[in-house]
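The next block holds one structure in the form of structure tokens; read it before the comments.
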Amino acid sequence: MYPNLYYAFKDLLGLELPFFKLFQTFGFFVAIAFLAAAYTLTSELKRRERLGLLKGIPETITKGKPVSTTDILINGVVGFILGFKIIGIISDWENVSQDLQSFVLSTRGSFIGGVIVGAVVAYFKYRSGQKQKSEKEVTVTELVYPHQRVPDFTVMAAIAGLIGAKVFHNLENWGDFVQDPIGALLSFSGLTFYGGLIVASFVIIRYARRKSINVLQLIDSAAPGLMLAYGVGRMGCHFSGDGDWGIYNSAYVTDATGHVAQVDPSKFQEVLKANEQFFARQYGSLEHIPHAAFAKPQGLSFLPDWFFAYGYPHNVINEGVLMPGCTGKYCSVLPISVYPTALYEIIACLLLFALLWSIRKKIRVPGMVFGIYLILNGVERFFIEKIRVNTKYDIFGFHPTQAEIISTLMVIGGAVLIWYCRKLYTSAKTIS
């Protein structure tokens with residue numbers, strides 16, 4: 001596993017670049033996911049604009065307006081924070097490099113460095129404003145097309161999505177949150193995709209309505225990108241080992257180096273007892289440990305064992321038992337291999353993205369592509385939950401997970417949306 005990019009460069013390229021310890025693998029893939037979604041959204045919006053399905057909206061813009069004091073102050077504050085941390089890292093690299101994440105989230109830094117960088121950034125903002133300032137302010141009306149608002153969509157999705165993902169995760173894992181609320185909120189891991197999707201969708205749809213953008217065309221344009229972003233985001237989960245994995249596959253065990261080996265399922269209890277301290281800490285006892293035995297079928301012998309069971313050595317959350325001879329911060333491996341559910345979702349979502357991308361031009365009913373996305377995503381997640389580790393609720397004798405509840409609602413919502421949009425489209429054609 002690669003907790004941050006330093007480990008990836010070291011393992012894959014043999015390069016030791018301590019600076020890359022700053023970049024968490026999970027965060028890196030989340031950033032790539034947002035960029036991928038923004039690219040596909042922009043491409044699809046432009047296509048729909050060329051077809052006349054989306055139009056530019058007149059907007060009044062004032063040119064030649066001098067930079068405000070507020071803008072200068074905001075840039076100065078941002079510059080101070082960057083300087084405070086970056087100069088602090090440089091000046092105390094030997095100690096900071098041991099745990100960059102803790103340093104970034106702490107109050108440590110260089111006050112003088114912050115003041116200098118903040119002042120420089122504020123000054124350049126002032127100078128750029130002076131250069132752009134014209135002799136006279138001019139108010140003009142320009143057409144702003146939906147694809148030009150993708151940067152706004154991306155920023156709103158990033159902020160609202162991350163907040164929603166963090167809130168939903170902590171609601172699902174309330175016990176862990178109560179024990180360490182600050183750590184749970186500031187941790188780089190622990191995000192629930194559906195929470196981010198719900199909150200970000202609400203914010204963006206509200207914004208689109210204010211800007212008079214056709215919401216059905218917008219969500220259809222976003223559907224393939226959302227599926228792609230989900231798949232790319234799951235790469236961050238898998239390659240960092242953030243705990244988003246499945247239940248134990250009792251047909252395999254993990255050795256001290258993290259390699260998996262197929263064993264008789266009866267060995268499961270022996271491994272449990274050999275690692276009793278770990279499992280008791282995780283589950284309270286050795287009873288009711290979630291597991292299911294599934295050995296690699298003969299017809300799939302070309303696939304590696306880790307496709308069916310993986311121990312996630314050097315995972316970012318330090319889950320498991322210590323690996324002998326390992327030194328450093330990330331030295332844990334799961335004693336019994338788990339189903340790599342994030343890997344399965346990567347494959348499924350990339351295939352579903354290809355499907356949505358291939359049918360987007362063939363479907364004429366606005367809103368229908370997004371309805372199909374909701375159904376596909378909901379079905380995929382509902383079934384993957386059957387082998388994932390998640391908190392279960394007790395609702396009238398049923399014990400669903402949060403994701404199962406939301407994915408079921410997504411399937412129902414997608415079916416209702418398709419029915420409603422088809423009805424709306426048929427009525428509009430009849431009237432015309």
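Chains: A, B, ... in order of the structure tokens. Residues: from 1 per chain. Ligands: from 1, in order shown.
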
Practice problem: Just the residues within 12 Å of Phe268 of chain A, please, counting only C-alpha atoms, with nothing from its chain fewer than 2 positions along; format it as number ranges by chain. | Solution: A: 248-254, 262-266, 270-276, 286, 289-293, 335-337

Quiz item: Quick one: residues within 6 Å of segment 300-310 of chain A, only C-alpha atoms counted, chain neighbours fewer than 2 positions away excluded, as number ranges by chain?
Solution: A: 297-298, 312, 337-339

Could you please take those selected residues and save all heavy atoms as a PDB file, in the first residue's frame?
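Saved as out-v4.pdb:
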ATOM      1  N   PRO A 297     -11.787 -19.717  -8.002  1.00  0.00           N
ATOM      2  CA  PRO A 297     -12.288 -20.824  -8.835  1.00  0.00           C
ATOM      3  C   PRO A 297     -11.244 -21.245  -9.869  1.00  0.00           C
ATOM      4  O   PRO A 297     -10.410 -20.450 -10.293  1.00  0.00           O
ATOM      5  CB  PRO A 297     -13.524 -20.218  -9.514  1.00  0.00           C
ATOM      6  CG  PRO A 297     -13.879 -19.027  -8.689  1.00  0.00           C
ATOM      7  CD  PRO A 297     -12.593 -18.501  -8.142  1.00  0.00           C
ATOM      8  N   GLN A 298     -11.328 -22.504 -10.281  1.00  0.00           N
ATOM      9  CA  GLN A 298     -10.369 -23.016 -11.276  1.00  0.00           C
ATOM     10  C   GLN A 298     -10.458 -22.248 -12.588  1.00  0.00           C
ATOM     11  O   GLN A 298      -9.452 -22.018 -13.250  1.00  0.00           O
ATOM     12  CB  GLN A 298     -10.669 -24.505 -11.549  1.00  0.00           C
ATOM     13  CG  GLN A 298     -10.453 -25.392 -10.363  1.00  0.00           C
ATOM     14  CD  GLN A 298      -9.347 -26.406 -10.617  1.00  0.00           C
ATOM     15  OE1 GLN A 298      -8.980 -26.684 -11.741  1.00  0.00           O
ATOM     16  NE2 GLN A 298      -8.801 -26.937  -9.548  1.00  0.00           N
ATOM     17  N   TYR A 312      -3.650  -5.839   2.796  1.00  0.00           N
ATOM     18  CA  TYR A 312      -3.383  -4.393   2.870  1.00  0.00           C
ATOM     19  C   TYR A 312      -2.187  -4.063   3.763  1.00  0.00           C
ATOM     20  O   TYR A 312      -2.313  -3.345   4.762  1.00  0.00           O
ATOM     21  CB  TYR A 312      -4.631  -3.645   3.336  1.00  0.00           C
ATOM     22  CG  TYR A 312      -5.689  -3.562   2.262  1.00  0.00           C
ATOM     23  CD1 TYR A 312      -6.713  -4.514   2.193  1.00  0.00           C
ATOM     24  CD2 TYR A 312      -5.650  -2.578   1.297  1.00  0.00           C
ATOM     25  CE1 TYR A 312      -7.662  -4.471   1.178  1.00  0.00           C
ATOM     26  CE2 TYR A 312      -6.605  -2.527   0.281  1.00  0.00           C
ATOM     27  CZ  TYR A 312      -7.601  -3.465   0.236  1.00  0.00           C
ATOM     28  OH  TYR A 312      -8.536  -3.413  -0.771  1.00  0.00           O
ATOM     29  N   SER A 337      -6.812 -12.051   5.408  1.00  0.00           N
ATOM     30  CA  SER A 337      -7.099 -11.259   4.221  1.00  0.00           C
ATOM     31  C   SER A 337      -8.585 -10.927   4.109  1.00  0.00           C
ATOM     32  O   SER A 337      -9.450 -11.696   4.535  1.00  0.00           O
ATOM     33  CB  SER A 337      -6.655 -12.029   2.974  1.00  0.00           C
ATOM     34  OG  SER A 337      -5.306 -12.413   3.092  1.00  0.00           O
ATOM     35  N   VAL A 338      -8.853  -9.770   3.527  1.00  0.00           N
ATOM     36  CA  VAL A 338     -10.233  -9.322   3.335  1.00  0.00           C
ATOM     37  C   VAL A 338     -10.534  -9.231   1.839  1.00  0.00           C
ATOM     38  O   VAL A 338      -9.639  -9.236   1.001  1.00  0.00           O
ATOM     39  CB  VAL A 338     -10.461  -7.934   3.979  1.00  0.00           C
ATOM     40  CG1 VAL A 338     -10.313  -7.986   5.487  1.00  0.00           C
ATOM     41  CG2 VAL A 338      -9.498  -6.893   3.392  1.00  0.00           C
ATOM     42  N   TYR A 339     -11.801  -9.156   1.514  1.00  0.00           N
ATOM     43  CA  TYR A 339     -12.195  -8.943   0.124  1.00  0.00           C
ATOM     44  C   TYR A 339     -11.842  -7.496  -0.255  1.00  0.00           C
ATOM     45  O   TYR A 339     -12.284  -6.557   0.412  1.00  0.00           O
ATOM     46  CB  TYR A 339     -13.701  -9.158  -0.054  1.00  0.00           C
ATOM     47  CG  TYR A 339     -14.132 -10.596   0.067  1.00  0.00           C
ATOM     48  CD1 TYR A 339     -14.615 -11.098   1.275  1.00  0.00           C
ATOM     49  CD2 TYR A 339     -14.046 -11.461  -1.014  1.00  0.00           C
ATOM     50  CE1 TYR A 339     -15.010 -12.421   1.399  1.00  0.00           C
ATOM     51  CE2 TYR A 339     -14.445 -12.789  -0.911  1.00  0.00           C
ATOM     52  CZ  TYR A 339     -14.925 -13.261   0.307  1.00  0.00           C
ATOM     53  OH  TYR A 339     -15.305 -14.578   0.421  1.00  0.00           O
TER      54      TYR A 339
END

Quiz item: Looking at A:Val77, A:Leu228, A:Leu374, A:Val316, which one is nearest to Ile198 of chain A, with distances taken over only C-alpha atoms?
Solution: A:Leu374

Quiz item: Got a sec: who's within 6 Å of segment 356-373 of chain A, counting only C-alpha atoms, leaving out chain neighbours fewer than 4 positions off, as a count of residues only?
Solution: 10

Self-check item: Proximity to Gly243 of chain A - best of A:Ile405, A:Leu45, A:Val67, A:Asn315, only C-alpha atoms
Solution: A:Asn315

Exercise. Would you mind listing what lies within 6 Å of segment 81-88 of chain A as a list in words, with only C-alpha atoms counted and same-chain residues fewer than 5 positions away left out?
Key: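 After dropping sequence-adjacent residues, the list is Gly109, Ser110, Phe111, Gly113, Gly114 and Val117 of chain A.
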
Quiz item: From the list A:Thr62, A:His259, A:Gly378, A:Arg388, which residue is nearest Val333 of chain A when using only C-alpha atoms?
Solution: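 Once distances to Val333 of chain A are computed over only C-alpha atoms, the minimum belongs to A:His259.
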
Quiz item: With only C-alpha atoms as the basis for distance, which of A:Lys296, A:Gly246, A:Met1, A:Lys63 is at the shortest distance from Glu137 of chain A?
Solution: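 Among A:Lys296, A:Gly246, A:Met1, A:Lys63, it is A:Lys63 that comes nearest to Glu137 of chain A.
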